Every structure is written in structure tokens, then in C-alpha cells.
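J.: I'm passing along work_5.cif; it holds mmCIF, C-alpha atoms.
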```cif
data_structure
loop_
_atom_site.group_PDB
_atom_site.id
_atom_site.type_symbol
_atom_site.label_atom_id
_atom_site.label_comp_id
_atom_site.auth_asym_id
_atom_site.auth_seq_id
_atom_site.Cartn_x
_atom_site.Cartn_y
_atom_site.Cartn_z
ATOM 1 C CA MET A 1 19.714 6.469 6.104
ATOM 2 C CA THR A 2 18.916 2.765 6.376
ATOM 3 C CA ASP A 3 15.404 1.357 6.293
ATOM 4 C CA ALA A 4 15.586 0.638 10.014
ATOM 5 C CA GLU A 5 16.462 4.265 10.785
ATOM 6 C CA LEU A 6 13.724 5.558 8.512
ATOM 7 C CA VAL A 7 11.176 3.200 10.090
ATOM 8 C CA ALA A 8 12.197 4.431 13.536
ATOM 9 C CA GLU A 9 11.731 8.044 12.428
ATOM 10 C CA ALA A 10 8.410 7.248 10.755
ATOM 11 C CA ARG A 11 7.170 5.594 13.934
ATOM 12 C CA LYS A 12 7.886 8.831 15.766
ATOM 13 C CA GLY A 13 5.560 10.563 13.313
ATOM 14 C CA SER A 14 7.927 11.719 10.591
ATOM 15 C CA ASP A 15 6.029 11.922 7.308
ATOM 16 C CA ALA A 16 9.263 12.678 5.495
ATOM 17 C CA ALA A 17 10.800 9.409 6.686
ATOM 18 C CA PHE A 18 7.766 7.409 5.623
ATOM 19 C CA THR A 19 7.719 9.147 2.248
ATOM 20 C CA ARG A 20 11.393 8.271 1.804
ATOM 21 C CA LEU A 21 10.618 4.618 2.562
ATOM 22 C CA VAL A 22 7.783 4.545 0.048
ATOM 23 C CA GLU A 23 9.908 6.279 -2.549
ATOM 24 C CA ARG A 24 12.648 3.707 -2.025
ATOM 25 C CA HIS A 25 10.398 0.642 -2.375
ATOM 26 C CA GLN A 26 7.500 1.736 -4.590
ATOM 27 C CA ALA A 27 9.070 0.342 -7.740
ATOM 28 C CA ALA A 28 9.463 -3.113 -6.203
ATOM 29 C CA VAL A 29 5.876 -3.170 -4.963
ATOM 30 C CA ARG A 30 4.366 -1.880 -8.191
ATOM 31 C CA GLY A 31 6.443 -4.158 -10.382
ATOM 32 C CA PHE A 32 5.529 -7.150 -8.255
ATOM 33 C CA LEU A 33 1.822 -6.314 -8.383
ATOM 34 C CA ARG A 34 1.914 -5.606 -12.097
ATOM 35 C CA ARG A 35 3.457 -9.003 -12.807
ATOM 36 C CA LEU A 36 1.231 -10.792 -10.351
ATOM 37 C CA LEU A 37 -2.106 -9.245 -11.254
ATOM 38 C CA GLY A 38 -1.640 -8.836 -14.965
ATOM 39 C CA GLY A 39 -4.108 -6.142 -15.931
ATOM 40 C CA GLY A 40 -2.824 -2.647 -16.510
ATOM 41 C CA TRP A 41 -0.716 -0.289 -14.471
ATOM 42 C CA ALA A 42 -3.899 1.316 -13.146
ATOM 43 C CA GLU A 43 -4.964 -1.784 -11.231
ATOM 44 C CA ALA A 44 -1.469 -2.502 -9.946
ATOM 45 C CA ASP A 45 -1.057 1.100 -8.799
ATOM 46 C CA ASP A 46 -4.470 1.095 -7.175
ATOM 47 C CA VAL A 47 -3.513 -1.926 -5.082
ATOM 48 C CA ALA A 48 -0.057 -0.451 -4.454
ATOM 49 C CA GLN A 49 -1.640 2.670 -2.972
ATOM 50 C CA GLU A 50 -3.733 0.488 -0.679
ATOM 51 C CA VAL A 51 -0.524 -1.264 0.314
ATOM 52 C CA VAL A 52 1.125 2.052 1.208
ATOM 53 C CA LEU A 53 -1.930 3.098 3.201
ATOM 54 C CA THR A 54 -1.984 -0.186 5.122
ATOM 55 C CA ALA A 55 1.738 0.087 5.786
ATOM 56 C CA TRP A 56 1.299 3.624 7.108
ATOM 57 C CA SER A 57 -1.485 2.648 9.480
ATOM 58 C CA SER A 58 0.166 -0.532 10.760
ATOM 59 C CA LEU A 59 3.810 0.496 10.875
ATOM 60 C CA HIS A 60 3.815 -0.025 14.645
ATOM 61 C CA ARG A 61 3.310 -3.762 14.047
ATOM 62 C CA LEU A 62 6.549 -4.124 12.123
ATOM 63 C CA LYS A 63 8.977 -5.843 14.468
ATOM 64 C CA GLN A 64 12.259 -5.200 12.665
ATOM 65 C CA GLY A 65 12.693 -2.032 10.659
ATOM 66 C CA ALA A 66 15.365 -3.647 8.517
ATOM 67 C CA GLY A 67 12.754 -6.029 7.146
ATOM 68 C CA PHE A 68 10.570 -3.239 5.812
ATOM 69 C CA ARG A 69 10.843 -4.327 2.175
ATOM 70 C CA SER A 70 9.793 -7.926 2.865
ATOM 71 C CA TRP A 71 7.027 -6.719 5.160
ATOM 72 C CA LEU A 72 5.739 -4.316 2.500
ATOM 73 C CA LEU A 73 5.796 -7.025 -0.166
ATOM 74 C CA GLY A 74 3.956 -9.316 2.253
ATOM 75 C CA ILE A 75 1.186 -6.737 2.504
ATOM 76 C CA ALA A 76 1.182 -6.419 -1.285
ATOM 77 C CA TRP A 77 0.891 -10.193 -1.623
ATOM 78 C CA ARG A 78 -2.112 -10.375 0.703
ATOM 79 C CA LYS A 79 -3.823 -7.441 -1.021
ATOM 80 C CA ALA A 80 -3.201 -9.026 -4.404
ATOM 81 C CA GLN A 81 -4.667 -12.323 -3.203
ATOM 82 C CA ASP A 82 -7.780 -10.483 -2.036
ATOM 83 C CA ARG A 83 -8.009 -8.717 -5.374
ATOM 84 C CA ILE A 84 -7.585 -11.940 -7.325
ATOM 85 C CA ARG A 85 -10.249 -13.660 -5.228
ATOM 86 C CA SER A 86 -12.787 -10.873 -5.266
ATOM 87 C CA ALA A 87 -12.404 -9.274 -8.672
ATOM 88 C CA ARG A 88 -12.423 -10.704 -12.108
ATOM 89 C CA ARG A 89 -11.499 -14.369 -12.177
ATOM 90 C CA GLY A 90 -10.374 -17.111 -14.441
ATOM 91 C CA ALA A 91 -10.706 -16.631 -18.134
ATOM 92 C CA ALA A 92 -11.723 -12.991 -17.956
ATOM 93 C CA ARG A 93 -8.632 -12.090 -15.944
ATOM 94 C CA ASP A 94 -6.363 -14.122 -18.170
ATOM 95 C CA ALA A 95 -7.768 -12.463 -21.247
ATOM 96 C CA GLU A 96 -7.053 -9.062 -19.756
ATOM 97 C CA TRP A 97 -3.570 -10.201 -18.854
ATOM 98 C CA LEU A 98 -2.981 -10.885 -22.537
ATOM 99 C CA GLU A 99 -4.531 -7.655 -23.728
ATOM 100 C CA THR A 100 -2.582 -5.365 -21.464
ATOM 101 C CA VAL A 101 0.798 -6.988 -21.380
ATOM 102 C CA GLY A 102 3.498 -4.359 -21.720
ATOM 103 C CA VAL A 103 5.529 -3.817 -24.821
ATOM 104 C CA ALA A 104 8.917 -5.389 -24.285
ATOM 105 C CA SER A 105 11.750 -4.153 -26.408
ATOM 106 C CA ASN A 106 13.802 -6.660 -28.404
ATOM 107 C CA LEU A 107 11.113 -9.270 -27.949
ATOM 108 C CA SER A 108 8.947 -10.545 -30.759
ATOM 109 C CA LEU A 109 5.194 -10.318 -30.490
ATOM 110 C CA ALA A 110 4.923 -14.116 -30.593
ATOM 111 C CA ASP A 111 7.346 -14.547 -27.694
ATOM 112 C CA ARG A 112 5.653 -11.790 -25.726
ATOM 113 C CA LEU A 113 2.226 -13.330 -26.156
ATOM 114 C CA ALA A 114 3.535 -16.807 -25.398
ATOM 115 C CA LEU A 115 5.128 -15.592 -22.155
ATOM 116 C CA ALA A 116 2.019 -13.622 -21.208
ATOM 117 C CA GLN A 117 -0.112 -16.681 -21.807
ATOM 118 C CA ALA A 118 2.240 -18.795 -19.712
ATOM 119 C CA MET A 119 2.203 -16.230 -16.879
ATOM 120 C CA ALA A 120 -1.586 -16.125 -16.982
ATOM 121 C CA GLU A 121 -1.745 -19.888 -16.625
ATOM 122 C CA LEU A 122 0.472 -19.993 -13.544
ATOM 123 C CA THR A 123 -1.253 -20.127 -10.184
ATOM 124 C CA PRO A 124 -0.986 -16.911 -8.115
ATOM 125 C CA ASP A 125 1.524 -18.537 -5.734
ATOM 126 C CA VAL A 126 3.811 -19.586 -8.547
ATOM 127 C CA ARG A 127 3.376 -16.262 -10.310
ATOM 128 C CA ALA A 128 4.298 -14.384 -7.129
ATOM 129 C CA CYS A 129 7.469 -16.434 -6.707
ATOM 130 C CA VAL A 130 8.380 -15.920 -10.352
ATOM 131 C CA ALA A 131 7.710 -12.178 -10.075
ATOM 132 C CA LEU A 132 9.962 -11.812 -7.062
ATOM 133 C CA CYS A 133 12.803 -14.210 -7.812
ATOM 134 C CA LEU A 134 13.024 -14.370 -11.583
ATOM 135 C CA ALA A 135 11.941 -10.837 -12.399
ATOM 136 C CA ASP A 136 13.231 -8.852 -9.417
ATOM 137 C CA GLY A 137 16.151 -11.029 -8.386
ATOM 138 C CA TRP A 138 15.057 -11.716 -4.830
ATOM 139 C CA SER A 139 16.665 -14.647 -3.062
ATOM 140 C CA HIS A 140 14.498 -17.668 -2.328
ATOM 141 C CA ALA A 141 14.714 -16.972 1.395
ATOM 142 C CA GLU A 142 13.596 -13.347 0.963
ATOM 143 C CA ALA A 143 10.659 -14.435 -1.176
ATOM 144 C CA ALA A 144 9.705 -17.114 1.340
ATOM 145 C CA GLU A 145 9.675 -14.514 4.118
ATOM 146 C CA ALA A 146 7.681 -11.957 2.139
ATOM 147 C CA LEU A 147 5.115 -14.445 0.869
ATOM 148 C CA SER A 148 4.948 -16.445 4.118
ATOM 149 C CA LEU A 149 5.647 -19.641 2.220
ATOM 150 C CA PRO A 150 8.035 -22.451 3.166
ATOM 151 C CA LEU A 151 11.422 -22.185 1.486
ATOM 152 C CA GLY A 152 10.989 -25.549 -0.239
ATOM 153 C CA THR A 153 7.662 -24.451 -1.661
ATOM 154 C CA VAL A 154 9.197 -21.288 -3.068
ATOM 155 C CA LYS A 155 11.980 -23.282 -4.709
ATOM 156 C CA SER A 156 9.559 -25.745 -6.291
ATOM 157 C CA HIS A 157 7.266 -22.900 -7.430
ATOM 158 C CA ILE A 158 10.158 -21.149 -9.122
ATOM 159 C CA ALA A 159 11.316 -24.331 -10.804
ATOM 160 C CA ARG A 160 7.788 -24.998 -12.025
ATOM 161 C CA GLY A 161 7.283 -21.416 -13.210
ATOM 162 C CA ARG A 162 10.634 -21.293 -14.927
ATOM 163 C CA THR A 163 9.972 -24.565 -16.736
ATOM 164 C CA ARG A 164 6.571 -23.339 -17.886
ATOM 165 C CA LEU A 165 7.970 -20.040 -19.170
ATOM 166 C CA PHE A 166 10.817 -21.760 -20.992
ATOM 167 C CA GLN A 167 8.359 -24.200 -22.534
ATOM 168 C CA ALA A 168 6.368 -21.218 -23.764
ATOM 169 C CA LEU A 169 9.464 -20.025 -25.573
ATOM 170 C CA GLY A 170 9.752 -23.397 -27.236
ATOM 171 C CA GLY A 171 12.745 -24.564 -25.241
ATOM 172 C CA THR A 172 13.526 -26.579 -22.153
ATOM 173 C CA ASN A 173 14.627 -25.434 -18.726
ATOM 174 C CA ASP A 174 18.256 -26.390 -18.554
ATOM 175 C CA ALA A 175 19.071 -24.208 -15.523
ATOM 176 C CA MET B 1 18.274 -13.989 -28.053
ATOM 177 C CA THR B 2 18.632 -16.737 -25.486
ATOM 178 C CA PRO B 3 15.550 -17.761 -23.479
ATOM 179 C CA ASP B 4 17.045 -16.040 -20.425
ATOM 180 C CA GLN B 5 17.425 -12.787 -22.339
ATOM 181 C CA LYS B 6 13.867 -13.089 -23.611
ATOM 182 C CA LEU B 7 12.597 -13.583 -20.076
ATOM 183 C CA GLU B 8 14.605 -10.590 -18.887
ATOM 184 C CA ALA B 9 13.200 -8.425 -21.697
ATOM 185 C CA PHE B 10 9.683 -9.592 -20.925
ATOM 186 C CA PHE B 11 9.962 -8.818 -17.221
ATOM 187 C CA SER B 12 11.670 -5.491 -17.761
ATOM 188 C CA ALA B 13 8.554 -4.286 -19.607
ATOM 189 C CA ALA B 14 6.698 -4.414 -16.300
ATOM 190 C CA THR B 15 9.321 -2.528 -14.331
ATOM 191 C CA PRO B 16 8.156 0.856 -13.034
ATOM 192 C CA PRO B 17 10.529 3.843 -12.788
ATOM 193 C CA HIS B 18 12.510 4.247 -9.586
ATOM 194 C CA ARG B 19 11.015 7.694 -9.060
ATOM 195 C CA ASP B 20 7.361 8.361 -9.791
ATOM 196 C CA LEU B 21 5.974 11.607 -8.454
ATOM 197 C CA VAL B 22 2.438 10.866 -9.647
ATOM 198 C CA PHE B 23 2.297 7.647 -7.651
ATOM 199 C CA MET B 24 3.876 9.303 -4.616
ATOM 200 C CA ALA B 25 1.334 12.150 -4.767
ATOM 201 C CA ALA B 26 -1.580 9.727 -5.064
ATOM 202 C CA ALA B 27 -0.324 7.683 -2.112
ATOM 203 C CA ALA B 28 0.214 10.837 -0.026
ATOM 204 C CA GLN B 29 -3.310 11.967 -0.848
ATOM 205 C CA LYS B 30 -4.766 8.683 0.376
ATOM 206 C CA ILE B 31 -2.764 8.916 3.588
ATOM 207 C CA ALA B 32 -3.890 12.517 4.147
ATOM 208 C CA ARG B 33 -7.506 11.497 3.642
ATOM 209 C CA ARG B 34 -7.161 8.604 6.082
ATOM 210 C CA ARG B 35 -5.482 10.902 8.616
ATOM 211 C CA ALA B 36 -8.360 13.396 8.341
ATOM 212 C CA VAL B 37 -10.905 10.634 8.952
ATOM 213 C CA LEU B 38 -8.918 9.377 11.937
ATOM 214 C CA ALA B 39 -8.717 12.916 13.358
ATOM 215 C CA VAL B 40 -12.492 13.264 13.181
ATOM 216 C CA MET B 41 -12.967 9.803 14.689
ATOM 217 C CA ALA B 42 -10.623 10.723 17.535
ATOM 218 C CA CYS B 43 -12.841 13.718 18.354
ATOM 219 C CA LEU B 44 -16.005 11.631 18.576
ATOM 220 C CA PRO B 45 -15.377 10.196 22.087
ATOM 221 C CA TRP B 46 -14.692 13.708 23.408
ATOM 222 C CA ALA B 47 -17.885 14.984 21.825
ATOM 223 C CA LEU B 48 -19.796 12.124 23.425
ATOM 224 C CA VAL B 49 -18.268 12.786 26.855
ATOM 225 C CA ALA B 50 -18.989 16.513 26.546
ATOM 226 C CA THR B 51 -22.607 15.776 25.636
ATOM 227 C CA ILE B 52 -23.057 13.488 28.629
ATOM 228 C CA VAL B 53 -21.408 15.971 31.015
ATOM 229 C CA LEU B 54 -23.553 18.834 29.748
ATOM 230 C CA TRP B 55 -26.661 16.686 30.024
ATOM 231 C CA GLY B 56 -25.687 15.862 33.619
ATOM 232 C CA LEU B 57 -25.044 19.500 34.447
ATOM 233 C CA ARG B 58 -28.330 20.672 32.973
ATOM 234 C CA PRO B 59 -30.214 21.063 36.328
ATOM 235 C CA MET B 60 -27.304 23.054 37.726
ATOM 236 C CA VAL B 61 -27.175 25.266 34.658
ATOM 237 C CA GLU B 62 -30.888 25.957 34.999
ATOM 238 C CA ILE B 63 -30.439 27.024 38.629
ATOM 239 C CA VAL B 64 -27.472 29.214 37.783
ATOM 240 C CA GLY B 65 -29.344 30.572 34.783
ATOM 241 C CA ALA B 66 -32.310 31.583 36.951
ATOM 242 C CA THR B 67 -29.983 33.261 39.439
ATOM 243 C CA LEU B 68 -27.951 35.078 36.821
ATOM 244 C CA GLY B 69 -30.869 35.718 34.495
ATOM 245 C CA GLU B 70 -30.043 39.343 33.962
ATOM 246 C CA LEU B 71 -26.438 38.573 33.110
ATOM 247 C CA GLU B 72 -27.329 35.879 30.619
ATOM 248 C CA PRO B 73 -26.604 37.880 27.403
ATOM 249 C CA SER B 74 -23.218 38.995 28.729
ATOM 250 C CA LEU B 75 -22.304 35.481 29.896
ATOM 251 C CA GLU B 76 -23.295 34.031 26.543
ATOM 252 C CA LEU B 77 -21.054 36.520 24.826
ATOM 253 C CA VAL B 78 -18.128 35.737 27.144
ATOM 254 C CA GLY B 79 -18.739 32.008 26.764
ATOM 255 C CA PHE B 80 -18.845 32.063 22.986
ATOM 256 C CA GLY B 81 -15.794 34.327 22.923
ATOM 257 C CA ALA B 82 -13.826 31.931 25.117
ATOM 258 C CA VAL B 83 -14.817 28.930 23.030
ATOM 259 C CA ALA B 84 -13.921 30.715 19.782
ATOM 260 C CA LEU B 85 -10.566 31.819 21.213
ATOM 261 C CA GLY B 86 -9.778 28.335 22.473
ATOM 262 C CA LEU B 87 -10.736 26.807 19.141
ATOM 263 C CA ALA B 88 -8.576 29.300 17.256
ATOM 264 C CA PHE B 89 -5.555 28.547 19.452
ATOM 265 C CA TRP B 90 -6.100 24.814 19.078
ATOM 266 C CA LEU B 91 -6.432 25.031 15.291
ATOM 267 C CA VAL B 92 -3.323 27.190 14.985
ATOM 268 C CA ARG B 93 -1.292 24.702 17.027
ATOM 269 C CA ARG B 94 -2.836 21.709 15.217
ATOM 270 C CA PHE B 95 -1.967 22.916 11.740
ATOM 271 C CA SER B 96 1.377 24.517 12.445
ATOM 272 C CA PRO B 97 4.378 22.648 11.058
ATOM 273 C CA ALA B 98 6.117 20.637 13.784
#
```
Let me see the file written as C-alpha cells.

T.:
Amino acid sequence: MTDAELVAEARKGSDAAFTRLVERHQAAVRGFLRRLLGGGWAEADDVAQEVVLTAWSSLHRLKQGAGFRSWLLGIAWRKAQDRIRSARRGAARDAEWLETVGVASNLSLADRLALAQAMAELTPDVRACVALCLADGWSHAEAAEALSLPLGTVKSHIARGRTRLFQALGGTNDA
Amino acid sequence: MTPDQKLEAFFSAATPPHRDLVFMAAAAQKIARRRAVLAVMACLPWALVATIVLWGLRPMVEIVGATLGELEPSLELVGFGAVALGLAFWLVRRFSPA
């Protein structure tokens, strides 16, 4: 079944359809939040559960069922912004970002820490664009829709983020 | 490793599994809790209306009560029985799978 069909079923009250939608998109939401918030999986999953709850209670507001993924990521983006604003800030958050960064295979500790540091230094907007487009392979247009940002802004954010990450690895952005 | 490969390896460390039953269960639990709260909230207006109606009918009930004073214990029993029966039917329908 497509997302649009599942959304239609969920709107009629089908819990199974909504569960299928969540199952289909949970990885994207959690990965996005994990990369955006830093912190551990616990915080990302906590926000992700709030995202699912909000989606469940406001599913009737979704205009096009086919856009469920972008809509869900939009909710995740707003929740993450709230969390960033209200919870730990600045240096404390960045420090936690460094402490809890995941163990990447085939990547040296120095590179991992350098990339984590670079991610922590990006602004939330830039980090969100990097998380969606560079990490998850979203198109610029999809990211712009999900994050409610102009397409040009998304492109410049990605270019800036990419340059910063490549600099962290000791190279230049030749893409 | 090229810088692109390093970036890919770094980002893949923060990629959750495609299926995660623990997360799904936690999300379902939150939804169930919210649904329970909403169900209780939905009953509140009816409880308020019932209270107002009963308060309005109080003089009439007193008159009827004085008239049917001797039958009061029997009527109470019938009344409670009807309410309990109605509640049981409602609960059975409410919690039956659709």
C-alpha cells in the first residue's frame, strides 16, 4: 500500500494503517533527530515518540497523504527546534554531542571526533539540511518542503555544511 | 578512505534499524495513553450536562419521590440495575474489536 492509501485508512480510524506508516518512516525520523540533536539515542527517540503522537493527533490536517514523510519530518524539525531552544544549550549540548557520538566503523577516532565537533558547530538549520540531504539522501526540494525553508537557503546550507565537514577532515570541498 | 566515504561512515553510525519493535511499542503506548485521556475528556461534557439536567429535575424528583415513597426501594433497585446493564452493554461494545 502507498503512503496515501495508508493515510486514508488511518484517517478512517485504522490503527494498523497508522502503525504501518510509523514503521515505514521511523528510521528516517529517528536518524534525522539523532543527527540533529546530537545527544544519545534516548533523547532522539523521546522526541521521535512525541513526533509520532503529534502526527497521530493531527493526521486530519495533512492535506496530501503522499507527502506523509515530508510532513512527519516537518513535525520532527519543529519538535527538535523546541528541544534545542528549551533544553541544554550551547557548550553543554556540544560537549554531549561529542561524548555520545556513535561508533562508526572504518573511521578513525580522530576523524570521528573532528566530524562530531564540526557537526556540533553547525547551526541547527544547517545541521538539519546536512542530516537530510547528505546523510539520508533527500533531494534539496524535499528537504526544503520538510523544513519549510526556501530552496536556495537549503542549497547554501548544504554547501556550507559540506565545506565545514570536509574542512574538519583536513581537506577541501571539491564537489 | 576518501572524505566522502568518511562522511558516509560517520553518518551511517547514526542510522537506526528499519524495524524496531521497542520503539514501535513505546510509540503505541504513548498513543494509547493519549487516547485514554481523550476518551475521559470526551465524557466530561456529558457528565456536566447530566449534572445540570438532574439539578433542574430535582423539584420534580422530590414530588415523584413523595408520591411513590413506598416504592422507593424497588425503584432504586430497578434504576441501579438499568444503569449497570446499560453501562455493561456500552463497555462491551466500546472495547470489542471493530

J.: Under the rule of at most 9 Å, produce a per-residue listing of chain A near chain B: chain, number, name, the closest pair of atoms, and the distance in Å, as CSV, using only C-alpha atoms.

T.:
```
residue,atom,partner,partner_atom,distance
A:Thr19,CA,B:Met24,CA,7.9
A:Val22,CA,B:Met24,CA,7.7
A:Glu23,CA,B:Arg19,CA,6.8
A:Arg24,CA,B:His18,CA,7.6
A:His25,CA,B:His18,CA,8.3
A:Gln26,CA,B:His18,CA,7.5
A:Ala27,CA,B:Pro16,CA,5.4
A:Ala28,CA,B:Pro16,CA,8.0
A:Arg30,CA,B:Pro16,CA,6.7
A:Gly31,CA,B:Thr15,CA,5.2
A:Phe32,CA,B:Thr15,CA,8.5
A:Arg34,CA,B:Ala14,CA,6.5
A:Arg35,CA,B:Ala14,CA,6.6
A:Trp41,CA,B:Ala14,CA,8.7
A:Asp45,CA,B:Phe23,CA,7.4
A:Ala48,CA,B:Ala27,CA,8.5
A:Gln49,CA,B:Ala27,CA,5.3
A:Glu50,CA,B:Ala27,CA,8.1
A:Val52,CA,B:Ala27,CA,6.7
A:Leu53,CA,B:Ile31,CA,5.9
A:Trp56,CA,B:Ile31,CA,7.5
A:Ser57,CA,B:Ile31,CA,8.7
A:Val101,CA,B:Ala14,CA,8.2
A:Gly102,CA,B:Ala13,CA,5.5
A:Val103,CA,B:Ala13,CA,6.0
A:Ala104,CA,B:Ala13,CA,4.8
A:Ser105,CA,B:Ala9,CA,6.5
A:Asn106,CA,B:Ala9,CA,7.0
A:Leu107,CA,B:Lys6,CA,6.4
A:Asp111,CA,B:Lys6,CA,7.8
A:Arg112,CA,B:Phe10,CA,6.6
A:Leu115,CA,B:Phe10,CA,7.6
A:Ala116,CA,B:Phe10,CA,8.7
A:Ala131,CA,B:Phe11,CA,8.2
A:Leu134,CA,B:Glu8,CA,8.4
A:Ala135,CA,B:Phe11,CA,5.6
A:Asp136,CA,B:Phe11,CA,8.5
A:Leu165,CA,B:Leu7,CA,8.0
A:Phe166,CA,B:Pro3,CA,6.7
A:Leu169,CA,B:Pro3,CA,6.8
A:Gly170,CA,B:Pro3,CA,8.9
A:Gly171,CA,B:Pro3,CA,7.6
```

J.: Identify all residues satisfying the PyMOL selection byres ((chain A and resi 118) around 10) in the given file; provide them as a list in words.

T.: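 Selected by the PyMOL selection byres ((chain A and resi 118) around 10) in this file: Asp94, Leu98, Arg112, Leu113, Ala114, Leu115, Ala116, Gln117, Met119, Ala120, Glu121, Leu122, Arg127, Gly161, Arg162, Arg164, Leu165, Phe166, Gln167, Ala168 and Leu169 of chain A.
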
J.: What's the separation between atom CA of A:Leu37 and atom CA of A:Ile84, in Å to one decimal place?

T.: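 If I compute the distance from atom CA of A:Leu37 to atom CA of A:Ile84, I get 7.3 Å.
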
J.: Report, in Å to a single decimal, how far apart atom CA of A:Ala80 and atom CA of A:Pro124 are.

T.: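 Atom CA of A:Pro124 sits 9.0 Å away from atom CA of A:Ala80.
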
J.: Compile the contact shell of A:Arg78 as an MDAnalysis selection string: residues with an atom at most 9 Å away, counting only C-alpha atoms, same-chain residues fewer than 5 positions apart removed.

T.: chainID A and resid 73 83 147

J.: Please, could you write that set of residues out with C-alpha atoms as a PDB file, in the frame of the given file?

T.:
```pdb
ATOM      1  CA  LEU A  73       5.796  -7.025  -0.166  1.00  0.00           C
ATOM      2  CA  ARG A  83      -8.009  -8.717  -5.374  1.00  0.00           C
ATOM      3  CA  LEU A 147       5.115 -14.445   0.869  1.00  0.00           C
TER       4      LEU A 147
END
```

J.: Nearest to A:Val7: which of A:Ala66, A:Leu36, A:Cys133, A:Ala76 is it, counting only C-alpha atoms?

T.: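 Among the listed residues, the smallest separation from A:Val7 belongs to A:Ala66.
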
J.: To one decimal in Å, tell me the separation between atom CA of B:Gly69 and atom CA of B:Leu87.

T.: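 Between atom CA of B:Gly69 and atom CA of B:Leu87 the gap is 26.8 Å.
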
J.: Could you write out as lines of an AutoDock Vina configuration file the box around stretch 138-157 of chain A (axis-aligned, all atoms listed in the file, 5 Å on each side), with centre and edge lengths in Å to one decimal?

T.:
```
center_x = 10.8
center_y = -18.7
center_z = -1.7
size_x = 21.7
size_y = 24.0
size_z = 21.5
```

J.: Can stretch 142-162 of chain A be brought up to N, CA and C atoms and written out as a short mmCIF file (atom, residue, chain, number, x, y, z; two decimals), in the frame of the given file?

T.:
```cif
data_model
loop_
_atom_site.label_atom_id
_atom_site.label_comp_id
_atom_site.auth_asym_id
_atom_site.auth_seq_id
_atom_site.Cartn_x
_atom_site.Cartn_y
_atom_site.Cartn_z
N GLU A 142 14.32 -14.62 0.87
CA GLU A 142 13.60 -13.35 0.96
C GLU A 142 12.16 -13.51 0.48
N ALA A 143 12.00 -14.21 -0.63
CA ALA A 143 10.66 -14.44 -1.18
C ALA A 143 9.81 -15.26 -0.21
N ALA A 144 10.44 -16.27 0.39
CA ALA A 144 9.70 -17.11 1.34
C ALA A 144 9.21 -16.28 2.52
N GLU A 145 10.06 -15.36 2.98
CA GLU A 145 9.68 -14.51 4.12
C GLU A 145 8.54 -13.56 3.72
N ALA A 146 8.69 -12.93 2.56
CA ALA A 146 7.68 -11.96 2.14
C ALA A 146 6.33 -12.61 1.86
N LEU A 147 6.36 -13.79 1.27
CA LEU A 147 5.12 -14.44 0.87
C LEU A 147 4.58 -15.40 1.93
N SER A 148 5.34 -15.52 3.04
CA SER A 148 4.95 -16.44 4.12
C SER A 148 4.76 -17.87 3.59
N LEU A 149 5.68 -18.28 2.77
CA LEU A 149 5.65 -19.64 2.22
C LEU A 149 6.91 -20.37 2.68
N PRO A 150 6.82 -21.69 2.83
CA PRO A 150 8.04 -22.45 3.17
C PRO A 150 9.08 -22.32 2.05
N LEU A 151 10.34 -22.36 2.45
CA LEU A 151 11.42 -22.18 1.49
C LEU A 151 11.36 -23.24 0.37
N GLY A 152 11.07 -24.47 0.76
CA GLY A 152 10.99 -25.55 -0.24
C GLY A 152 9.88 -25.30 -1.25
N THR A 153 8.78 -24.76 -0.76
CA THR A 153 7.66 -24.45 -1.66
C THR A 153 8.06 -23.38 -2.67
N VAL A 154 8.76 -22.36 -2.17
CA VAL A 154 9.20 -21.29 -3.07
C VAL A 154 10.11 -21.86 -4.15
N LYS A 155 11.04 -22.70 -3.73
CA LYS A 155 11.98 -23.28 -4.71
C LYS A 155 11.24 -24.10 -5.76
N SER A 156 10.29 -24.91 -5.32
CA SER A 156 9.56 -25.74 -6.29
C SER A 156 8.67 -24.88 -7.18
N HIS A 157 8.09 -23.81 -6.61
CA HIS A 157 7.27 -22.90 -7.43
C HIS A 157 8.11 -22.25 -8.52
N ILE A 158 9.30 -21.82 -8.14
CA ILE A 158 10.16 -21.15 -9.12
C ILE A 158 10.58 -22.13 -10.22
N ALA A 159 10.92 -23.33 -9.81
CA ALA A 159 11.32 -24.33 -10.80
C ALA A 159 10.16 -24.61 -11.76
N ARG A 160 8.96 -24.72 -11.19
CA ARG A 160 7.79 -25.00 -12.02
C ARG A 160 7.50 -23.82 -12.97
N GLY A 161 7.56 -22.62 -12.41
CA GLY A 161 7.28 -21.42 -13.21
C GLY A 161 8.31 -21.24 -14.31
N ARG A 162 9.55 -21.45 -13.95
CA ARG A 162 10.63 -21.29 -14.93
C ARG A 162 10.48 -22.30 -16.08
#
```
